[in-house]
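*Asks:* Below is the structure I would like to discuss, written out as structure tokens.
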Amino acid sequence: MPLINLPEFSNDLLAEFSARNAERIDTPVIQPAEPFLDIAGEDLRRRIFMTESETGASLCLRPEFTIPVCLRHIETATGTPKRYAYLGEVFRQRRDGANEFYQAGIEDLGDINIPGADARAIGDATGILARLLPGRRLSVTLGDQAVFEAVVQALGLPLGWQKRLIHAFGNMTQLEALLASLVSSQFVTGLDDDIARLVASDDEPALVAHIEQEMQATGYSTNASRSPLEIARRLKEKLILSETRLDDAAFHVLEEFLSLHVPLVNASAALAGFADAAGLKLGNALSRFNGRVGALADAGVDLSCLDYRAAFGRPLDYYTGLVFEVTAEGSSAVLAGGGRFDRLLTFLGATDRIPAVGFSFWLDRIETERAAA
């Protein structure tokens, strides 16, 4: 079905994709909802348009392209490395702008040269935007989920707290609320006395037996989504989380890290200095970060337009490393955004781990910037 109301620069965009050896593909507008509900993250989940098949299966209007492109790659059993391009409509509620709009982008699957692929994604996004917005200076904000994960892990927090903080990365309101709860002891509430006593005693078999008995007595066991053992371990995890307190020194380390905001050319030194001062070993995450900076320089990307902000993330849960967004001077509108999602294809059913990175353009925003020039 031909697309209508496409921006007039769409053919130029497709030519740019072709010149970068990206194969254009399309994906169905109606998508299975489960991958988006399970993987994409809370921010997208609450904005998608849901529907249902005749058999009761949950479906949705395509809210973005990355998951559909990856699903198509898995279904067609195409080998890697592979570069896909797309241009089409997506449907999701937006705070500003129409709920039905065009996106275009490139997904780069299977390139094992991680720094090189990251640099190519940023270089392609900025290079194409420079052609579409001649004379406009671009700014790139870059973050790294892997560096944040390394900092959280190095602080030695319980795994449950690590997961919570990592899940909140990029959402400063949520992250600050979690940090506030970490500096003061919390208490698990709403448990009956027997459950609370068994959880506190750390007697897992007795706790499991008690939960199983209660589930059978109430009839809940016939349609429970979790087993008694899973419920017992979840209660134990909640107790551990509630009793964990982040000491002042560790809290200030996290605060200092999240406050880092420097030109990318100074970021490697800033991160190394932070790690040394805090006594943290960031290991591979820092090495990969430095490798990416080197690859960007080797690719001829103008590093003067790139900033590193330690607290910067994007509101999609499948990102694993690099995240970035591009704006044009004089405007706050995000024109392109992307990042690395090395675990996504495995989550979606790929039998092998496939490294991946990509980016999207918001065509309506680009059209607005072109009209303002």
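Every chain in the structure tokens has a letter given in the order shown (A, B, ...), and although residue numbers restart at 1 in each chain, ligands are simply numbered from 1 in the order shown.
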Report as number ranges by chain: the residues of region 25-169 of chain A with a DSSP assignment of helix (DSSP H, G or I), based on the backbone of this structure.
*Replies:* A: 34-40, 42-45, 66-76, 114-132, 145-154, 159-168
*Asks:* Which residues in region 66-192 of chain A does DSSP call strand (DSSP E)? List them as JSON, numbers by chain.
*Replies:* {"A": [82, 83, 84, 85, 86, 87, 88, 89, 90, 91, 100, 101, 102, 103, 104, 105, 106, 107, 108, 109, 138, 139, 140, 141, 142, 143, 144]}
*Asks:* Calculate how many Å separate CA of Arg370 (chain A) from CA of Glu64 (chain A), rounding to one decimal.
*Replies:*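 Separation between CA of Arg370 (chain A) and CA of Glu64 (chain A): 23.4 Å.
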*Asks:* Please identify all polymer residues within 6 Å of region 296-313 of chain A, counting only C-alpha atoms, omitting same-chain residues fewer than 4 positions from it, and present them as a JSON list (two decimals) with C-alpha atoms, in the first residue's frame.
*Replies:*
```json
[["chain", "number", "residue", "atom", "x", "y", "z"],
["A", 119, "ALA", "CA", 30.49, 5.02, 15.50],
["A", 123, "GLY", "CA", 28.01, 9.03, 11.95],
["A", 139, "SER", "CA", 24.29, 18.49, 18.85],
["A", 140, "VAL", "CA", 24.55, 14.88, 20.04],
["A", 141, "THR", "CA", 23.93, 13.82, 23.63],
["A", 142, "LEU", "CA", 25.49, 10.45, 24.37],
["A", 143, "GLY", "CA", 25.03, 8.12, 27.32],
["A", 169, "PHE", "CA", 18.36, 4.54, 34.03],
["A", 170, "GLY", "CA", 17.46, 7.55, 31.91],
["A", 258, "LEU", "CA", 25.20, 11.00, 37.59],
["A", 260, "LEU", "CA", 29.04, 14.05, 34.99],
["A", 261, "HIS", "CA", 28.33, 16.08, 31.84],
["A", 262, "VAL", "CA", 31.34, 16.84, 29.67],
["A", 263, "PRO", "CA", 32.33, 17.15, 26.00],
["A", 264, "LEU", "CA", 32.94, 13.67, 24.62]]
```
*Asks:* Quick one: residues within 8 Å of Leu44 (chain A), only C-alpha atoms counted, chain neighbours fewer than 4 positions away excluded, as a list of chain:residue names?
*Replies:* A:Phe36, A:Ala40, A:Ile48, A:Pro63, A:Arg92, A:Pro315, A:Leu316
*Asks:* Output all heavy atoms for every residue in the selection just made, as an mmCIF file, in the first residue's frame.
*Replies:*
```
data_model
loop_
_atom_site.group_PDB
_atom_site.id
_atom_site.type_symbol
_atom_site.label_atom_id
_atom_site.label_comp_id
_atom_site.auth_asym_id
_atom_site.auth_seq_id
_atom_site.Cartn_x
_atom_site.Cartn_y
_atom_site.Cartn_z
ATOM 1 N N PHE A 36 6.326 -5.966 22.846
ATOM 2 C CA PHE A 36 6.365 -4.573 23.285
ATOM 3 C C PHE A 36 6.018 -4.466 24.769
ATOM 4 O O PHE A 36 6.608 -3.678 25.502
ATOM 5 C CB PHE A 36 5.409 -3.726 22.450
ATOM 6 C CG PHE A 36 5.724 -3.726 20.989
ATOM 7 C CD1 PHE A 36 5.042 -4.559 20.124
ATOM 8 C CD2 PHE A 36 6.724 -2.919 20.476
ATOM 9 C CE1 PHE A 36 5.332 -4.580 18.774
ATOM 10 C CE2 PHE A 36 7.031 -2.929 19.124
ATOM 11 C CZ PHE A 36 6.330 -3.764 18.267
ATOM 12 N N ALA A 40 9.815 -3.634 25.713
ATOM 13 C CA ALA A 40 10.070 -2.252 25.309
ATOM 14 C C ALA A 40 10.147 -1.283 26.473
ATOM 15 O O ALA A 40 10.824 -0.266 26.387
ATOM 16 C CB ALA A 40 9.001 -1.789 24.322
ATOM 17 N N ILE A 48 0.967 2.639 23.699
ATOM 18 C CA ILE A 48 0.637 1.903 22.480
ATOM 19 C C ILE A 48 -0.871 1.722 22.350
ATOM 20 O O ILE A 48 -1.615 1.786 23.323
ATOM 21 C CB ILE A 48 1.363 0.535 22.429
ATOM 22 C CG1 ILE A 48 0.890 -0.383 23.564
ATOM 23 C CG2 ILE A 48 2.869 0.721 22.467
ATOM 24 C CD1 ILE A 48 1.544 -1.758 23.499
ATOM 25 N N PRO A 63 4.161 0.421 17.215
ATOM 26 C CA PRO A 63 4.538 1.651 17.918
ATOM 27 C C PRO A 63 5.972 2.103 17.627
ATOM 28 O O PRO A 63 6.348 3.228 17.965
ATOM 29 C CB PRO A 63 4.388 1.265 19.385
ATOM 30 C CG PRO A 63 4.709 -0.194 19.411
ATOM 31 C CD PRO A 63 4.248 -0.754 18.095
ATOM 32 N N ARG A 92 1.552 5.721 18.248
ATOM 33 C CA ARG A 92 1.614 5.746 19.705
ATOM 34 C C ARG A 92 1.239 7.136 20.204
ATOM 35 O O ARG A 92 1.395 8.122 19.483
ATOM 36 C CB ARG A 92 2.988 5.325 20.231
ATOM 37 C CG ARG A 92 4.162 6.231 19.865
ATOM 38 C CD ARG A 92 5.429 5.694 20.534
ATOM 39 N NE ARG A 92 6.570 6.552 20.398
ATOM 40 C CZ ARG A 92 7.642 6.266 19.665
ATOM 41 N NH1 ARG A 92 7.701 5.149 18.978
ATOM 42 N NH2 ARG A 92 8.672 7.097 19.631
ATOM 43 N N PRO A 315 14.042 6.002 26.936
ATOM 44 C CA PRO A 315 12.982 5.266 27.635
ATOM 45 C C PRO A 315 12.540 3.988 26.944
ATOM 46 O O PRO A 315 11.360 3.770 26.699
ATOM 47 C CB PRO A 315 11.844 6.298 27.670
ATOM 48 C CG PRO A 315 12.033 7.101 26.435
ATOM 49 C CD PRO A 315 13.528 7.210 26.251
ATOM 50 N N LEU A 316 13.509 3.130 26.601
ATOM 51 C CA LEU A 316 13.213 1.804 26.064
ATOM 52 C C LEU A 316 14.107 0.817 26.806
ATOM 53 O O LEU A 316 15.328 1.004 26.874
ATOM 54 C CB LEU A 316 13.480 1.744 24.558
ATOM 55 C CG LEU A 316 12.490 2.531 23.673
ATOM 56 C CD1 LEU A 316 13.025 2.661 22.251
ATOM 57 C CD2 LEU A 316 11.128 1.859 23.657
#
```
*Asks:* Neighbouring residues of Ala209 (chain A) were defined as those with any atom within 9 Å, considering only C-alpha atoms; residues of the same chain fewer than 5 positions away were excluded. Please report them as a PyMOL selection string.
*Replies:* chain A and resi 204+214+228-229
*Asks:* Between CA of Glu89 (chain A) and CA of Tyr102 (chain A), what distance in Å does the model show, to one decimal?
*Replies:*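 Result for CA of Glu89 (chain A) versus CA of Tyr102 (chain A): 4.3 Å, one decimal.
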*Asks:* For Ala333 (chain A), which of A:Gly97, A:Gly88, A:Pro35, A:Pro134 is the closest residue, counting only C-alpha atoms?
*Replies:*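 For Ala333 (chain A), the nearest of the given residues is A:Gly97.
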*Asks:* List the neighbours of Ala19 (chain A) out to 12 Å using only C-alpha atoms; skip same-chain residues closer than 3 positions along the sequence, and give me the result as number ranges by chain.
*Replies:* A: 12-16, 22-24, 83, 85, 124, 127-128
*Asks:* Write out the residues from the selection above, keeping all heavy atoms, as a JSON list (two decimals), in the first residue's frame.
*Replies:*
```json
[["chain", "number", "residue", "atom", "x", "y", "z"],
["A", 12, "ASP", "N", 15.13, 11.55, -0.78],
["A", 12, "ASP", "CA", 16.53, 11.83, -0.42],
["A", 12, "ASP", "C", 16.96, 10.93, 0.73],
["A", 12, "ASP", "O", 18.10, 10.43, 0.75],
["A", 12, "ASP", "CB", 16.69, 13.30, 0.00],
["A", 12, "ASP", "CG", 16.44, 14.27, -1.14],
["A", 12, "ASP", "OD1", 16.61, 13.86, -2.30],
["A", 12, "ASP", "OD2", 16.05, 15.42, -0.86],
["A", 13, "LEU", "N", 16.06, 10.73, 1.68],
["A", 13, "LEU", "CA", 16.36, 9.88, 2.84],
["A", 13, "LEU", "C", 16.60, 8.44, 2.39],
["A", 13, "LEU", "O", 17.56, 7.79, 2.82],
["A", 13, "LEU", "CB", 15.20, 9.96, 3.82],
["A", 13, "LEU", "CG", 15.38, 9.40, 5.23],
["A", 13, "LEU", "CD1", 16.60, 10.00, 5.91],
["A", 13, "LEU", "CD2", 14.13, 9.69, 6.05],
["A", 14, "LEU", "N", 15.74, 7.93, 1.51],
["A", 14, "LEU", "CA", 15.90, 6.56, 1.02],
["A", 14, "LEU", "C", 17.20, 6.41, 0.22],
["A", 14, "LEU", "O", 17.86, 5.37, 0.30],
["A", 14, "LEU", "CB", 14.70, 6.17, 0.16],
["A", 14, "LEU", "CG", 13.37, 6.05, 0.91],
["A", 14, "LEU", "CD1", 12.22, 5.77, -0.06],
["A", 14, "LEU", "CD2", 13.44, 4.94, 1.96],
["A", 15, "ALA", "N", 17.56, 7.45, -0.52],
["A", 15, "ALA", "CA", 18.83, 7.41, -1.26],
["A", 15, "ALA", "C", 20.01, 7.36, -0.30],
["A", 15, "ALA", "O", 21.01, 6.65, -0.56],
["A", 15, "ALA", "CB", 18.93, 8.63, -2.17],
["A", 16, "GLU", "N", 19.93, 8.09, 0.81],
["A", 16, "GLU", "CA", 20.99, 8.05, 1.82],
["A", 16, "GLU", "C", 21.11, 6.64, 2.41],
["A", 16, "GLU", "O", 22.21, 6.14, 2.63],
["A", 16, "GLU", "CB", 20.69, 9.06, 2.93],
["A", 16, "GLU", "CG", 20.80, 10.52, 2.52],
["A", 16, "GLU", "CD", 22.25, 10.97, 2.39],
["A", 16, "GLU", "OE1", 23.15, 10.23, 2.82],
["A", 16, "GLU", "OE2", 22.46, 12.07, 1.86],
["A", 22, "ALA", "N", 22.13, -0.15, 3.26],
["A", 22, "ALA", "CA", 21.07, -0.61, 4.15],
["A", 22, "ALA", "C", 19.89, -1.05, 3.29],
["A", 22, "ALA", "O", 19.36, -0.25, 2.50],
["A", 22, "ALA", "CB", 20.66, 0.47, 5.13],
["A", 23, "GLU", "N", 19.46, -2.28, 3.42],
["A", 23, "GLU", "CA", 18.36, -2.84, 2.64],
["A", 23, "GLU", "C", 17.03, -2.39, 3.22],
["A", 23, "GLU", "O", 16.72, -2.68, 4.38],
["A", 23, "GLU", "CB", 18.45, -4.37, 2.66],
["A", 23, "GLU", "CG", 17.26, -5.07, 2.03],
["A", 23, "GLU", "CD", 17.24, -6.56, 2.34],
["A", 23, "GLU", "OE1", 18.26, -7.10, 2.81],
["A", 23, "GLU", "OE2", 16.17, -7.18, 2.12],
["A", 24, "ARG", "N", 16.22, -1.74, 2.40],
["A", 24, "ARG", "CA", 14.93, -1.27, 2.90],
["A", 24, "ARG", "C", 13.95, -2.44, 3.01],
["A", 24, "ARG", "O", 13.79, -3.22, 2.07],
["A", 24, "ARG", "CB", 14.34, -0.19, 2.00],
["A", 24, "ARG", "CG", 13.06, 0.40, 2.62],
["A", 24, "ARG", "CD", 12.34, 1.35, 1.70],
["A", 24, "ARG", "NE", 11.08, 1.78, 2.31],
["A", 24, "ARG", "CZ", 10.14, 2.46, 1.68],
["A", 24, "ARG", "NH1", 10.32, 2.82, 0.42],
["A", 24, "ARG", "NH2", 9.03, 2.79, 2.29],
["A", 83, "ARG", "N", 22.32, -5.01, 7.41],
["A", 83, "ARG", "CA", 21.85, -3.64, 7.66],
["A", 83, "ARG", "C", 20.48, -3.47, 7.03],
["A", 83, "ARG", "O", 20.30, -3.63, 5.83],
["A", 83, "ARG", "CB", 22.80, -2.59, 7.08],
["A", 83, "ARG", "CG", 24.24, -2.69, 7.57],
["A", 83, "ARG", "CD", 24.98, -1.38, 7.28],
["A", 83, "ARG", "NE", 24.76, -0.43, 8.38],
["A", 83, "ARG", "CZ", 24.80, 0.88, 8.24],
["A", 83, "ARG", "NH1", 25.01, 1.43, 7.06],
["A", 83, "ARG", "NH2", 24.62, 1.67, 9.28],
["A", 85, "ALA", "N", 17.05, -0.91, 6.54],
["A", 85, "ALA", "CA", 16.49, 0.44, 6.61],
["A", 85, "ALA", "C", 14.98, 0.33, 6.55],
["A", 85, "ALA", "O", 14.43, -0.62, 5.99],
["A", 85, "ALA", "CB", 17.00, 1.29, 5.46],
["A", 124, "ASP", "N", 26.19, 7.97, 10.72],
["A", 124, "ASP", "CA", 25.10, 7.96, 9.74],
["A", 124, "ASP", "C", 23.97, 8.90, 10.15],
["A", 124, "ASP", "O", 23.43, 9.64, 9.33],
["A", 124, "ASP", "CB", 24.55, 6.53, 9.58],
["A", 124, "ASP", "CG", 25.47, 5.64, 8.75],
["A", 124, "ASP", "OD1", 26.39, 6.17, 8.10],
["A", 124, "ASP", "OD2", 25.26, 4.41, 8.75],
["A", 127, "GLY", "N", 25.29, 12.45, 9.77],
["A", 127, "GLY", "CA", 25.59, 12.73, 8.37],
["A", 127, "GLY", "C", 24.34, 12.93, 7.55],
["A", 127, "GLY", "O", 24.26, 13.86, 6.72],
["A", 128, "ILE", "N", 23.32, 12.09, 7.76],
["A", 128, "ILE", "CA", 22.07, 12.23, 7.01],
["A", 128, "ILE", "C", 21.35, 13.50, 7.43],
["A", 128, "ILE", "O", 20.83, 14.25, 6.59],
["A", 128, "ILE", "CB", 21.19, 10.99, 7.23],
["A", 128, "ILE", "CG1", 21.84, 9.76, 6.58],
["A", 128, "ILE", "CG2", 19.79, 11.21, 6.66],
["A", 128, "ILE", "CD1", 21.17, 8.44, 6.91]]
```
*Asks:* Could you tell me which of A:Asp96, A:Asp247, A:Asp342, A:Glu325 comes closest to Phe359 (chain A) if we count only C-alpha atoms?
*Replies:*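 Closest candidate: A:Glu325.
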*Asks:* With distances taken over only C-alpha atoms, which residue among A:Asp144, A:Asp108, A:Asp38, A:Glu54 lies nearest Gly358 (chain A)?
*Replies:*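 Result for the nearest residue to Gly358 (chain A): A:Asp108.
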